[in-house]
$ cat work_9.cif   # mmCIF, C-alpha atoms and all ligand atoms
data_target
#
loop_
_atom_site.group_PDB
_atom_site.id
_atom_site.type_symbol
_atom_site.label_atom_id
_atom_site.label_comp_id
_atom_site.auth_asym_id
_atom_site.auth_seq_id
_atom_site.Cartn_x
_atom_site.Cartn_y
_atom_site.Cartn_z
ATOM 1 C CA MET A 51 -106.350 -53.135 96.609
ATOM 2 C CA SER A 52 -104.736 -50.951 93.972
ATOM 3 C CA TYR A 53 -102.489 -52.591 91.402
ATOM 4 C CA PHE A 54 -99.547 -50.225 90.987
ATOM 5 C CA ARG A 55 -99.306 -47.041 92.954
ATOM 6 C CA VAL A 56 -97.000 -44.071 93.211
ATOM 7 C CA ALA A 57 -97.826 -42.867 96.717
ATOM 8 C CA SER A 58 -96.853 -39.326 97.778
ATOM 9 C CA LEU A 59 -93.588 -39.681 95.874
ATOM 10 C CA ARG A 60 -90.879 -37.103 96.448
ATOM 11 C CA VAL A 61 -87.658 -37.842 94.613
ATOM 12 C CA GLY A 62 -84.699 -36.091 92.996
ATOM 13 C CA TYR A 63 -80.919 -35.948 93.014
ATOM 14 C CA ALA A 64 -78.366 -34.924 95.656
ATOM 15 C CA GLY A 65 -81.090 -33.971 98.095
ATOM 16 C CA GLN A 66 -82.812 -31.640 95.619
ATOM 17 C CA ASP A 67 -86.454 -32.384 94.825
ATOM 18 C CA VAL A 68 -87.345 -32.956 91.190
ATOM 19 C CA ILE A 69 -90.704 -34.638 91.750
ATOM 20 C CA LYS A 70 -92.528 -32.671 94.396
ATOM 21 C CA THR A 71 -95.001 -35.142 95.895
ATOM 22 C CA ILE A 72 -96.962 -36.951 93.243
ATOM 23 C CA SER A 73 -99.567 -39.662 93.782
ATOM 24 C CA LEU A 74 -100.845 -41.831 90.943
ATOM 25 C CA THR A 75 -102.742 -45.097 90.829
ATOM 26 C CA PHE A 76 -102.329 -47.322 87.777
ATOM 27 C CA ASP A 77 -104.915 -49.966 86.980
ATOM 28 C CA LYS A 78 -103.849 -53.275 85.505
ATOM 29 C CA GLY A 79 -103.955 -53.501 81.736
ATOM 30 C CA ARG A 80 -103.951 -49.809 80.884
ATOM 31 C CA ILE A 81 -101.582 -47.742 78.752
ATOM 32 C CA SER A 82 -100.568 -44.481 80.414
ATOM 33 C CA THR A 83 -98.298 -41.882 78.869
ATOM 34 C CA ILE A 84 -96.396 -39.147 80.648
ATOM 35 C CA ILE A 85 -95.861 -35.943 78.688
ATOM 36 C CA GLY A 86 -94.119 -32.699 79.591
ATOM 37 C CA PRO A 87 -91.258 -30.395 78.598
ATOM 38 C CA ASN A 88 -87.564 -31.273 78.845
ATOM 39 C CA GLY A 89 -86.468 -31.296 82.469
ATOM 40 C CA SER A 90 -90.010 -31.551 83.866
ATOM 41 C CA GLY A 91 -89.200 -34.763 85.743
ATOM 42 C CA LYS A 92 -90.669 -37.452 83.470
ATOM 43 C CA SER A 93 -87.593 -39.698 83.531
ATOM 44 C CA THR A 94 -87.106 -39.083 87.235
ATOM 45 C CA LEU A 95 -90.662 -40.224 87.936
ATOM 46 C CA LEU A 96 -90.258 -43.277 85.712
ATOM 47 C CA LYS A 97 -86.914 -44.231 87.263
ATOM 48 C CA ALA A 98 -88.413 -44.131 90.755
ATOM 49 C CA ALA A 99 -91.397 -46.195 89.573
ATOM 50 C CA GLY A 100 -88.949 -48.681 88.018
ATOM 51 C CA ARG A 101 -86.863 -48.978 91.185
ATOM 52 C CA LEU A 102 -83.792 -47.281 89.701
ATOM 53 C CA LEU A 103 -83.994 -44.224 91.947
ATOM 54 C CA LYS A 104 -84.878 -44.321 95.620
ATOM 55 C CA PRO A 105 -87.585 -41.905 96.801
ATOM 56 C CA TYR A 106 -86.841 -39.281 99.465
ATOM 57 C CA SER A 107 -90.295 -39.952 100.797
ATOM 58 C CA GLY A 108 -93.409 -41.799 99.750
ATOM 59 C CA ALA A 109 -93.407 -45.216 98.127
ATOM 60 C CA ILE A 110 -93.979 -47.239 94.968
ATOM 61 C CA LEU A 111 -96.437 -50.008 95.714
ATOM 62 C CA LEU A 112 -97.053 -53.113 93.635
ATOM 63 C CA GLU A 113 -100.221 -54.708 94.971
ATOM 64 C CA ASN A 114 -99.556 -52.917 98.247
ATOM 65 C CA SER A 115 -95.940 -54.125 98.577
ATOM 66 C CA ASP A 116 -93.217 -51.492 98.588
ATOM 67 C CA ILE A 117 -91.028 -52.373 95.576
ATOM 68 C CA PHE A 118 -87.906 -51.111 97.373
ATOM 69 C CA ALA A 119 -88.560 -53.653 100.140
ATOM 70 C CA MET A 120 -89.080 -56.558 97.709
ATOM 71 C CA GLU A 121 -86.318 -58.845 96.411
ATOM 72 C CA ASP A 122 -84.653 -57.728 93.168
ATOM 73 C CA ARG A 123 -85.750 -60.763 91.194
ATOM 74 C CA ALA A 124 -89.292 -60.739 92.540
ATOM 75 C CA VAL A 125 -89.682 -57.174 91.259
ATOM 76 C CA ALA A 126 -87.830 -57.781 87.978
ATOM 77 C CA LYS A 127 -90.087 -60.693 87.053
ATOM 78 C CA ARG A 128 -93.092 -58.408 87.195
ATOM 79 C CA LEU A 129 -91.775 -54.945 86.386
ATOM 80 C CA GLY A 130 -89.534 -54.028 83.453
ATOM 81 C CA ILE A 131 -88.008 -50.657 82.665
ATOM 82 C CA LEU A 132 -86.358 -49.323 79.562
ATOM 83 C CA PRO A 133 -84.490 -46.143 80.555
ATOM 84 C CA GLN A 134 -84.087 -43.123 78.272
ATOM 85 C CA SER A 135 -80.435 -43.654 77.288
ATOM 86 C CA PRO A 136 -79.433 -47.217 78.042
ATOM 87 C CA THR A 137 -75.850 -48.239 77.356
ATOM 88 C CA ALA A 138 -74.343 -51.593 76.406
ATOM 89 C CA PRO A 139 -70.915 -52.724 75.230
ATOM 90 C CA MET A 140 -70.705 -51.987 71.513
ATOM 91 C CA ASP A 141 -69.363 -55.459 70.706
ATOM 92 C CA LEU A 142 -72.276 -57.275 72.350
ATOM 93 C CA PRO A 143 -74.371 -59.244 69.827
ATOM 94 C CA VAL A 144 -78.073 -58.348 69.654
ATOM 95 C CA HIS A 145 -79.289 -61.774 70.802
ATOM 96 C CA CYS A 146 -77.049 -61.561 73.894
ATOM 97 C CA LEU A 147 -78.438 -58.155 74.825
ATOM 98 C CA VAL A 148 -81.976 -59.474 74.443
ATOM 99 C CA ALA A 149 -81.065 -62.557 76.506
ATOM 100 C CA TYR A 150 -80.179 -60.288 79.441
ATOM 101 C CA GLY A 151 -83.902 -59.614 79.663
ATOM 102 C CA ARG A 152 -84.317 -63.207 80.881
ATOM 103 C CA THR A 153 -81.962 -62.762 83.865
ATOM 104 C CA PRO A 154 -84.749 -62.381 86.449
ATOM 105 C CA HIS A 155 -86.229 -65.695 85.305
ATOM 106 C CA HIS A 156 -83.183 -67.935 85.339
ATOM 107 C CA GLY A 157 -80.632 -66.067 87.469
ATOM 108 C CA PHE A 158 -77.044 -65.356 86.443
ATOM 109 C CA PHE A 159 -75.614 -68.835 86.853
ATOM 110 C CA ASN A 160 -78.404 -71.121 85.764
ATOM 111 C CA ASN A 161 -78.841 -72.512 82.288
ATOM 112 C CA PHE A 162 -81.064 -70.951 79.750
ATOM 113 C CA SER A 163 -84.309 -72.935 79.512
ATOM 114 C CA LYS A 164 -86.374 -73.582 76.392
ATOM 115 C CA GLU A 165 -88.817 -70.985 77.675
ATOM 116 C CA ASP A 166 -85.989 -68.427 77.983
ATOM 117 C CA GLN A 167 -84.866 -69.191 74.439
ATOM 118 C CA GLU A 168 -88.408 -68.883 73.099
ATOM 119 C CA ALA A 169 -88.920 -65.545 74.842
ATOM 120 C CA VAL A 170 -85.700 -64.180 73.284
ATOM 121 C CA SER A 171 -86.624 -65.390 69.793
ATOM 122 C CA TRP A 172 -90.139 -64.036 70.126
ATOM 123 C CA ALA A 173 -88.880 -60.596 71.274
ATOM 124 C CA ILE A 174 -86.375 -60.435 68.401
ATOM 125 C CA GLU A 175 -89.087 -61.332 65.865
ATOM 126 C CA ALA A 176 -91.612 -58.952 67.396
ATOM 127 C CA THR A 177 -89.243 -56.007 67.090
ATOM 128 C CA GLY A 178 -88.295 -56.861 63.506
ATOM 129 C CA LEU A 179 -84.678 -57.697 64.294
ATOM 130 C CA ALA A 180 -84.533 -61.312 63.077
ATOM 131 C CA ASP A 181 -81.944 -60.534 60.408
ATOM 132 C CA LYS A 182 -79.856 -58.512 62.880
ATOM 133 C CA ARG A 183 -79.723 -60.972 65.773
ATOM 134 C CA PHE A 184 -76.026 -61.813 65.313
ATOM 135 C CA LYS A 185 -74.938 -58.251 64.621
ATOM 136 C CA ARG A 186 -73.159 -56.298 67.318
ATOM 137 C CA ILE A 187 -74.834 -53.341 69.044
ATOM 138 C CA GLY A 188 -72.191 -51.010 67.614
ATOM 139 C CA GLN A 189 -73.095 -52.122 64.083
ATOM 140 C CA LEU A 190 -76.761 -51.103 64.343
ATOM 141 C CA SER A 191 -78.430 -47.860 63.314
ATOM 142 C CA GLY A 192 -79.893 -45.700 66.101
ATOM 143 C CA GLY A 193 -83.378 -47.040 65.437
ATOM 144 C CA GLU A 194 -82.273 -50.660 65.284
ATOM 145 C CA ARG A 195 -80.426 -50.215 68.561
ATOM 146 C CA GLN A 196 -83.527 -48.730 70.146
ATOM 147 C CA ARG A 197 -85.520 -51.746 68.983
ATOM 148 C CA ALA A 198 -82.892 -54.099 70.414
ATOM 149 C CA TRP A 199 -83.413 -52.488 73.817
ATOM 150 C CA ILE A 200 -87.164 -52.792 73.457
ATOM 151 C CA ALA A 201 -86.656 -56.476 72.587
ATOM 152 C CA MET A 202 -84.657 -56.925 75.802
ATOM 153 C CA ALA A 203 -87.447 -55.377 77.850
ATOM 154 C CA LEU A 204 -90.060 -57.544 76.091
ATOM 155 C CA ALA A 205 -88.026 -60.745 76.589
ATOM 156 C CA GLN A 206 -88.308 -60.121 80.315
ATOM 157 C CA LYS A 207 -92.098 -60.651 79.874
ATOM 158 C CA PRO A 208 -93.057 -58.300 82.696
ATOM 159 C CA GLU A 209 -96.659 -57.493 83.668
ATOM 160 C CA ILE A 210 -95.798 -53.817 83.876
ATOM 161 C CA LEU A 211 -93.491 -52.232 81.355
ATOM 162 C CA LEU A 212 -92.073 -48.745 81.859
ATOM 163 C CA LEU A 213 -90.552 -47.179 78.744
ATOM 164 C CA ASP A 214 -88.814 -43.820 78.574
ATOM 165 C CA GLU A 215 -89.194 -42.388 75.074
ATOM 166 C CA PRO A 216 -89.244 -45.778 73.317
ATOM 167 C CA THR A 217 -89.775 -44.161 69.912
ATOM 168 C CA THR A 218 -86.726 -41.880 69.958
ATOM 169 C CA TYR A 219 -84.572 -42.396 66.851
ATOM 170 C CA LEU A 220 -87.320 -44.349 65.103
ATOM 171 C CA ASP A 221 -88.763 -43.352 61.750
ATOM 172 C CA ILE A 222 -92.533 -42.896 61.641
ATOM 173 C CA HIS A 223 -93.126 -46.447 60.392
ATOM 174 C CA HIS A 224 -91.118 -47.971 63.227
ATOM 175 C CA GLN A 225 -92.677 -45.597 65.764
ATOM 176 C CA PHE A 226 -96.056 -47.016 64.836
ATOM 177 C CA GLU A 227 -94.706 -50.549 64.758
ATOM 178 C CA VAL A 228 -93.372 -50.304 68.309
ATOM 179 C CA LEU A 229 -96.489 -48.614 69.647
ATOM 180 C CA GLU A 230 -98.783 -51.081 67.859
ATOM 181 C CA LEU A 231 -96.730 -53.909 69.328
ATOM 182 C CA LEU A 232 -97.201 -52.480 72.832
ATOM 183 C CA GLN A 233 -100.890 -51.947 72.119
ATOM 184 C CA GLY A 234 -101.207 -55.570 70.971
ATOM 185 C CA LEU A 235 -99.465 -56.866 74.105
ATOM 186 C CA ASN A 236 -101.740 -54.690 76.166
ATOM 187 C CA ARG A 237 -104.843 -56.033 74.409
ATOM 188 C CA ASP A 238 -103.833 -59.699 74.222
ATOM 189 C CA HIS A 239 -101.815 -60.135 77.422
ATOM 190 C CA ASN A 240 -103.153 -57.342 79.590
ATOM 191 C CA LEU A 241 -99.688 -55.762 79.727
ATOM 192 C CA THR A 242 -99.696 -52.561 81.750
ATOM 193 C CA VAL A 243 -97.674 -49.882 79.982
ATOM 194 C CA ILE A 244 -96.401 -46.639 81.472
ATOM 195 C CA MET A 245 -94.301 -44.662 79.042
ATOM 196 C CA VAL A 246 -92.899 -41.254 78.256
ATOM 197 C CA LEU A 247 -93.559 -39.822 74.781
ATOM 198 C CA HIS A 248 -92.901 -36.412 73.299
ATOM 199 C CA ASP A 249 -95.279 -36.724 70.364
ATOM 200 C CA LEU A 250 -98.690 -35.599 71.609
ATOM 201 C CA ASN A 251 -100.553 -37.211 68.729
ATOM 202 C CA LEU A 252 -98.937 -40.597 69.225
ATOM 203 C CA ALA A 253 -99.636 -40.237 72.944
ATOM 204 C CA ALA A 254 -103.290 -39.501 72.185
ATOM 205 C CA SER A 255 -103.618 -42.411 69.734
ATOM 206 C CA PHE A 256 -102.045 -45.080 71.879
ATOM 207 C CA SER A 257 -102.907 -44.182 75.470
ATOM 208 C CA HIS A 258 -105.884 -44.717 77.714
ATOM 209 C CA ARG A 259 -104.540 -42.012 79.965
ATOM 210 C CA ILE A 260 -102.196 -39.043 79.666
ATOM 211 C CA ILE A 261 -100.365 -37.507 82.605
ATOM 212 C CA ALA A 262 -98.844 -34.062 82.033
ATOM 213 C CA LEU A 263 -95.905 -32.897 84.145
ATOM 214 C CA LYS A 264 -94.384 -29.477 84.491
ATOM 215 C CA ASP A 265 -91.592 -28.553 86.918
ATOM 216 C CA GLY A 266 -92.068 -31.793 88.829
ATOM 217 C CA ILE A 267 -95.755 -31.159 89.370
ATOM 218 C CA MET A 268 -98.653 -32.977 87.753
ATOM 219 C CA VAL A 269 -100.768 -30.452 85.888
ATOM 220 C CA ALA A 270 -103.223 -32.758 84.125
ATOM 221 C CA ASP A 271 -104.265 -36.392 84.294
ATOM 222 C CA GLY A 272 -107.034 -38.101 82.377
ATOM 223 C CA ASP A 273 -108.094 -39.557 79.069
ATOM 224 C CA PRO A 274 -106.456 -38.015 75.982
ATOM 225 C CA GLU A 275 -109.609 -36.107 74.946
ATOM 226 C CA ARG A 276 -109.684 -34.389 78.322
ATOM 227 C CA VAL A 277 -105.976 -33.669 78.731
ATOM 228 C CA LEU A 278 -105.178 -32.559 75.206
ATOM 229 C CA ASN A 279 -106.769 -29.168 74.845
ATOM 230 C CA THR A 280 -105.409 -25.782 73.844
ATOM 231 C CA GLU A 281 -105.279 -24.482 77.433
ATOM 232 C CA THR A 282 -103.389 -27.438 78.896
ATOM 233 C CA ILE A 283 -100.952 -27.564 75.987
ATOM 234 C CA SER A 284 -100.332 -23.854 76.464
ATOM 235 C CA GLU A 285 -99.826 -24.256 80.207
ATOM 236 C CA VAL A 286 -97.496 -27.253 79.895
ATOM 237 C CA PHE A 287 -95.453 -26.406 76.800
ATOM 238 C CA ASN A 288 -95.982 -22.643 76.466
ATOM 239 C CA ILE A 289 -97.081 -22.949 72.855
ATOM 240 C CA ARG A 290 -100.159 -22.025 70.869
ATOM 241 C CA SER A 291 -101.975 -24.957 69.319
ATOM 242 C CA LYS A 292 -105.154 -26.044 67.668
ATOM 243 C CA VAL A 293 -106.771 -29.268 68.803
ATOM 244 C CA LEU A 294 -109.017 -31.191 66.438
ATOM 245 C CA ARG A 295 -111.259 -34.173 67.066
ATOM 246 C CA ILE A 296 -111.402 -36.279 63.949
ATOM 247 C CA SER A 297 -113.075 -39.557 63.176
ATOM 248 C CA GLU A 298 -111.121 -42.183 61.287
ATOM 249 C CA ASP A 299 -112.341 -45.737 60.626
ATOM 250 C CA GLY A 300 -115.113 -45.098 63.132
ATOM 251 C CA ILE A 301 -112.618 -44.219 65.851
ATOM 252 C CA SER A 302 -112.459 -40.683 67.172
ATOM 253 C CA LYS A 303 -108.985 -39.242 67.489
ATOM 254 C CA THR A 304 -107.546 -36.175 69.105
ATOM 255 C CA VAL A 305 -105.035 -34.292 67.005
ATOM 256 C CA ALA A 306 -102.981 -31.406 68.369
ATOM 257 C CA ILE A 307 -101.379 -29.042 65.882
ATOM 258 C CA PRO A 308 -98.653 -26.863 67.381
ATOM 259 C CA LEU A 309 -98.776 -23.340 65.949
ATOM 260 C CA GLY A 310 -95.855 -21.618 67.620
ATOM 261 C CA VAL A 311 -94.250 -20.414 70.802
ATOM 262 C CA ARG A 312 -96.392 -18.161 72.991
ATOM 263 C CA HIS A 313 -94.857 -14.732 73.485
HETATM 264 N N1 LIG A 401 -78.533 -37.835 87.404
HETATM 265 C C1 LIG A 401 -78.935 -36.588 87.680
HETATM 266 N N2 LIG A 401 -78.296 -35.837 88.597
HETATM 267 C C2 LIG A 401 -78.701 -34.585 88.888
HETATM 268 N N3 LIG A 401 -79.757 -33.982 88.305
HETATM 269 C C3 LIG A 401 -80.443 -34.681 87.387
HETATM 270 C C4 LIG A 401 -80.059 -36.014 87.016
HETATM 271 N N4 LIG A 401 -80.919 -36.443 86.076
HETATM 272 C C5 LIG A 401 -81.776 -35.432 85.862
HETATM 273 N N5 LIG A 401 -81.503 -34.377 86.639
HETATM 274 C C6 LIG A 401 -82.254 -33.105 86.680
HETATM 275 O O1 LIG A 401 -83.586 -33.367 87.088
HETATM 276 C C7 LIG A 401 -84.512 -32.586 86.341
HETATM 277 C C8 LIG A 401 -85.532 -33.498 85.678
HETATM 278 O O2 LIG A 401 -84.856 -34.349 84.773
HETATM 279 P P1 LIG A 401 -85.566 -35.519 83.997
HETATM 280 O O3 LIG A 401 -84.506 -36.312 83.355
HETATM 281 O O4 LIG A 401 -86.502 -36.225 84.921
HETATM 282 O O5 LIG A 401 -86.421 -34.690 82.933
HETATM 283 P P2 LIG A 401 -87.307 -35.179 81.727
HETATM 284 O O6 LIG A 401 -88.679 -34.632 81.941
HETATM 285 O O7 LIG A 401 -87.183 -36.641 81.564
HETATM 286 O O8 LIG A 401 -86.643 -34.406 80.484
HETATM 287 P P3 LIG A 401 -86.351 -34.876 78.966
HETATM 288 O O9 LIG A 401 -87.614 -34.614 78.194
HETATM 289 O O10 LIG A 401 -85.268 -33.926 78.539
HETATM 290 O O11 LIG A 401 -85.923 -36.291 78.980
HETATM 291 C C9 LIG A 401 -83.679 -31.760 85.360
HETATM 292 O O12 LIG A 401 -83.534 -30.471 85.870
HETATM 293 C C10 LIG A 401 -82.342 -32.483 85.311
HETATM 294 O O13 LIG A 401 -81.292 -31.596 85.074
HETATM 295 MG MG MG A 402 -86.336 -37.802 80.133
#

$ encode --input "work_9.cif" --output "structure tokens" --more "lines below"
Ligand SMILES: Nc1ncnc2c1ncn2[C@@H]1O[C@H](COP(=O)(O)OP(=O)(O)OP(=O)(O)O)[C@@H](O)[C@H]1O
Ligand SMILES: [Mg+2]
Amino acid sequence: MSYFRVASLRVGYAGQDVIKTISLTFDKGRISTIIGPNGSGKSTLLKAAGRLLKPYSGAILLENSDIFAMEDRAVAKRLGILPQSPTAPMDLPVHCLVAYGRTPHHGFFNNFSKEDQEAVSWAIEATGLADKRFKRIGQLSGGERQRAWIAMALAQKPEILLLDEPTTYLDIHHQFEVLELLQGLNRDHNLTVIMVLHDLNLAASFSHRIIALKDGIMVADGDPERVLNTETISEVFNIRSKVLRISEDGISKTVAIPLGVRH
């Protein structure tokens, strides 16, 4: 039985296909990153996988159950999604936003348990927001706000976490902090991560698998060393690049250097 599967997915908006039949199988406990140009369908794919957008055909299967046929809470306990541009009331305090992540566990009308409270505190600590917990969303910087959303998704404690560009707005230090946090959760708790990133080198460093999309079609899928090569980068992004394999602290890394637009 496969763990999480995008099966012959066709999905888009107003009857127009964006994703033109894609099938992917995700194993438990792996980090997969979707890359591709603006408008290639990355968010659309992620939204369908996260049950925010209904497929035209095909299905999203969690241990062989169609997630659109499952109860909201049953899905939300296991699958969390952080969309690309989430919105919240500007006067909402950070700890309240993060507490929303616990909704699938306690329901809207039930009291917050000790476990709920611990999950919220842990998520706030883990994202480095302890000193901001009583601030309002509107009083945060772009990066702090992004981390507050990540904290909400973490507080949900899902087995599968979908994140659409979680490092947008973050400085390089906080980009690494967020990705190292996800990597740690993956290593220690077997969290399955499926995310969208624009930075090819961060994608290569933090992913077991990279999936490249272009015009709603999957053009490459595999480990970072295989997917990140000059030809694929040229095909997907229409740029010239040099790809280096370097060894750092005994770990081999793939580094892509963009050189310019292909004319
Ligand atoms: N709500 C919507 N209604 C109609 N069309 C949409 C909607 N959202 C996205 N699209 C269109 O679907 C296509 C794919 O968009 P999508 O957001 O999946 O791209 P993306 O790969 O995530 O791009 P980006 O890197 O800019 O986030 C685009 O042509 C976009 O204009
Ligand atoms: Mg997007």

$ closest_residue --input "work_9.cif" --among "A:Gly89, A:Gly310, A:Ser73, A:Ala64" --to "ligand LIG 401 (chain A)" --atoms "all atoms listed in the file"
A:Gly89

$ residues_around --input "work_9.cif" --residues "Ser52 of chain A" --least-positions-apart "3" --cutoff "9 Å" --atoms "all atoms listed in the file" --output "ChimeraX atom specification"
/A:55,75-78,111-114

$ resolve_selection --input "work_9.cif" --expression "the PyMOL selection byres (((chain A and resi 98) around 10) and not hetatm)" --output "PDB file with C-alpha atoms, in the frame of the given file"
ATOM      1  CA  VAL A  56     -97.000 -44.071  93.211  1.00  0.00           C
ATOM      2  CA  LEU A  59     -93.588 -39.681  95.874  1.00  0.00           C
ATOM      3  CA  ARG A  60     -90.879 -37.103  96.448  1.00  0.00           C
ATOM      4  CA  VAL A  61     -87.658 -37.842  94.613  1.00  0.00           C
ATOM      5  CA  GLY A  62     -84.699 -36.091  92.996  1.00  0.00           C
ATOM      6  CA  ILE A  69     -90.704 -34.638  91.750  1.00  0.00           C
ATOM      7  CA  SER A  93     -87.593 -39.698  83.531  1.00  0.00           C
ATOM      8  CA  THR A  94     -87.106 -39.083  87.235  1.00  0.00           C
ATOM      9  CA  LEU A  95     -90.662 -40.224  87.936  1.00  0.00           C
ATOM     10  CA  LEU A  96     -90.258 -43.277  85.712  1.00  0.00           C
ATOM     11  CA  LYS A  97     -86.914 -44.231  87.263  1.00  0.00           C
ATOM     12  CA  ALA A  99     -91.397 -46.195  89.573  1.00  0.00           C
ATOM     13  CA  GLY A 100     -88.949 -48.681  88.018  1.00  0.00           C
ATOM     14  CA  ARG A 101     -86.863 -48.978  91.185  1.00  0.00           C
ATOM     15  CA  LEU A 102     -83.792 -47.281  89.701  1.00  0.00           C
ATOM     16  CA  LEU A 103     -83.994 -44.224  91.947  1.00  0.00           C
ATOM     17  CA  LYS A 104     -84.878 -44.321  95.620  1.00  0.00           C
ATOM     18  CA  PRO A 105     -87.585 -41.905  96.801  1.00  0.00           C
ATOM     19  CA  ALA A 109     -93.407 -45.216  98.127  1.00  0.00           C
ATOM     20  CA  ILE A 110     -93.979 -47.239  94.968  1.00  0.00           C
ATOM     21  CA  ILE A 117     -91.028 -52.373  95.576  1.00  0.00           C
ATOM     22  CA  PHE A 118     -87.906 -51.111  97.373  1.00  0.00           C
TER      23      PHE A 118
END

$ residues_around --input "work_9.cif" --residues "segment 137-154 of chain A" --least-positions-apart "3" --cutoff "8 Å" --atoms "only C-alpha atoms" --output "list in words"
Arg123, Ala124, Ala126, Lys127, Gly157, Phe158, Asp166, Gln167, Ala169, Val170, Ala173, Ile174, Lys182, Arg183, Phe184, Lys185, Arg186, Ile187, Gly188, Gln189, Ala198, Trp199, Ala201, Met202, Ala203, Leu204, Ala205 and Gln206 of chain A

$ resolve_selection --input "work_9.cif" --expression "the PyMOL selection byres (((chain A and resi 308) around 10) and not hetatm)" --output "list in words"
Leu250, Thr280, Ile283, Ser284, Phe287, Ile289, Arg290, Ser291, Lys292, Val293, Val305, Ala306, Ile307, Leu309, Gly310 and Val311 of chain A

$ residues_near_ligand --input "work_9.cif" --ligand "ligand MG 402 (chain A)" --cutoff "10 Å" --atoms "all atoms listed in the file" --output "MDAnalysis selection string"
chainID A and resid 85:97 133:135 214:215 246:248

$ write_last_selection --input "work_9.cif" --atoms "C-alpha atoms" --output "PDB file, in the frame of the given file"
ATOM      1  CA  ILE A  85     -95.861 -35.943  78.688  1.00  0.00           C
ATOM      2  CA  GLY A  86     -94.119 -32.699  79.591  1.00  0.00           C
ATOM      3  CA  PRO A  87     -91.258 -30.395  78.598  1.00  0.00           C
ATOM      4  CA  ASN A  88     -87.564 -31.273  78.845  1.00  0.00           C
ATOM      5  CA  GLY A  89     -86.468 -31.296  82.469  1.00  0.00           C
ATOM      6  CA  SER A  90     -90.010 -31.551  83.866  1.00  0.00           C
ATOM      7  CA  GLY A  91     -89.200 -34.763  85.743  1.00  0.00           C
ATOM      8  CA  LYS A  92     -90.669 -37.452  83.470  1.00  0.00           C
ATOM      9  CA  SER A  93     -87.593 -39.698  83.531  1.00  0.00           C
ATOM     10  CA  THR A  94     -87.106 -39.083  87.235  1.00  0.00           C
ATOM     11  CA  LEU A  95     -90.662 -40.224  87.936  1.00  0.00           C
ATOM     12  CA  LEU A  96     -90.258 -43.277  85.712  1.00  0.00           C
ATOM     13  CA  LYS A  97     -86.914 -44.231  87.263  1.00  0.00           C
ATOM     14  CA  PRO A 133     -84.490 -46.143  80.555  1.00  0.00           C
ATOM     15  CA  GLN A 134     -84.087 -43.123  78.272  1.00  0.00           C
ATOM     16  CA  SER A 135     -80.435 -43.654  77.288  1.00  0.00           C
ATOM     17  CA  ASP A 214     -88.814 -43.820  78.574  1.00  0.00           C
ATOM     18  CA  GLU A 215     -89.194 -42.388  75.074  1.00  0.00           C
ATOM     19  CA  VAL A 246     -92.899 -41.254  78.256  1.00  0.00           C
ATOM     20  CA  LEU A 247     -93.559 -39.822  74.781  1.00  0.00           C
ATOM     21  CA  HIS A 248     -92.901 -36.412  73.299  1.00  0.00           C
TER      22      HIS A 248
END

$ resolve_selection --input "work_9.cif" --expression "the PyMOL selection byres (((chain A and resi 83) around 8) and not hetatm)" --output "PDB file with C-alpha atoms, in the coordinates of the input"
ATOM      1  CA  ILE A  81    -101.582 -47.742  78.752  1.00  0.00           C
ATOM      2  CA  SER A  82    -100.568 -44.481  80.414  1.00  0.00           C
ATOM      3  CA  ILE A  84     -96.396 -39.147  80.648  1.00  0.00           C
ATOM      4  CA  ILE A  85     -95.861 -35.943  78.688  1.00  0.00           C
ATOM      5  CA  ILE A 244     -96.401 -46.639  81.472  1.00  0.00           C
ATOM      6  CA  MET A 245     -94.301 -44.662  79.042  1.00  0.00           C
ATOM      7  CA  VAL A 246     -92.899 -41.254  78.256  1.00  0.00           C
ATOM      8  CA  LEU A 247     -93.559 -39.822  74.781  1.00  0.00           C
ATOM      9  CA  ALA A 253     -99.636 -40.237  72.944  1.00  0.00           C
ATOM     10  CA  SER A 257    -102.907 -44.182  75.470  1.00  0.00           C
ATOM     11  CA  ARG A 259    -104.540 -42.012  79.965  1.00  0.00           C
ATOM     12  CA  ILE A 260    -102.196 -39.043  79.666  1.00  0.00           C
ATOM     13  CA  ILE A 261    -100.365 -37.507  82.605  1.00  0.00           C
TER      14      ILE A 261
END

$ axis_aligned_box --input "work_9.cif" --around "ligand LIG 401 (chain A)" --padding-each-side "8 Å" --output "AutoDock Vina command-line options"
--center_x -83.5 --center_y -34.2 --center_z 83.5 --size_x 26.4 --size_y 23.4 --size_z 26.7

$ atom_distance --input "work_9.cif" --atom1 "atom P2 of ligand LIG 401 (chain A)" --atom2 "atom CA of Asn240 of chain A"
27.3 Å

$ residues_around --input "work_9.cif" --residues "Ile131 of chain A" --least-positions-apart "2" --cutoff "6 Å" --atoms "all atoms listed in the file" --output "number ranges by chain"
A: 100, 211-213
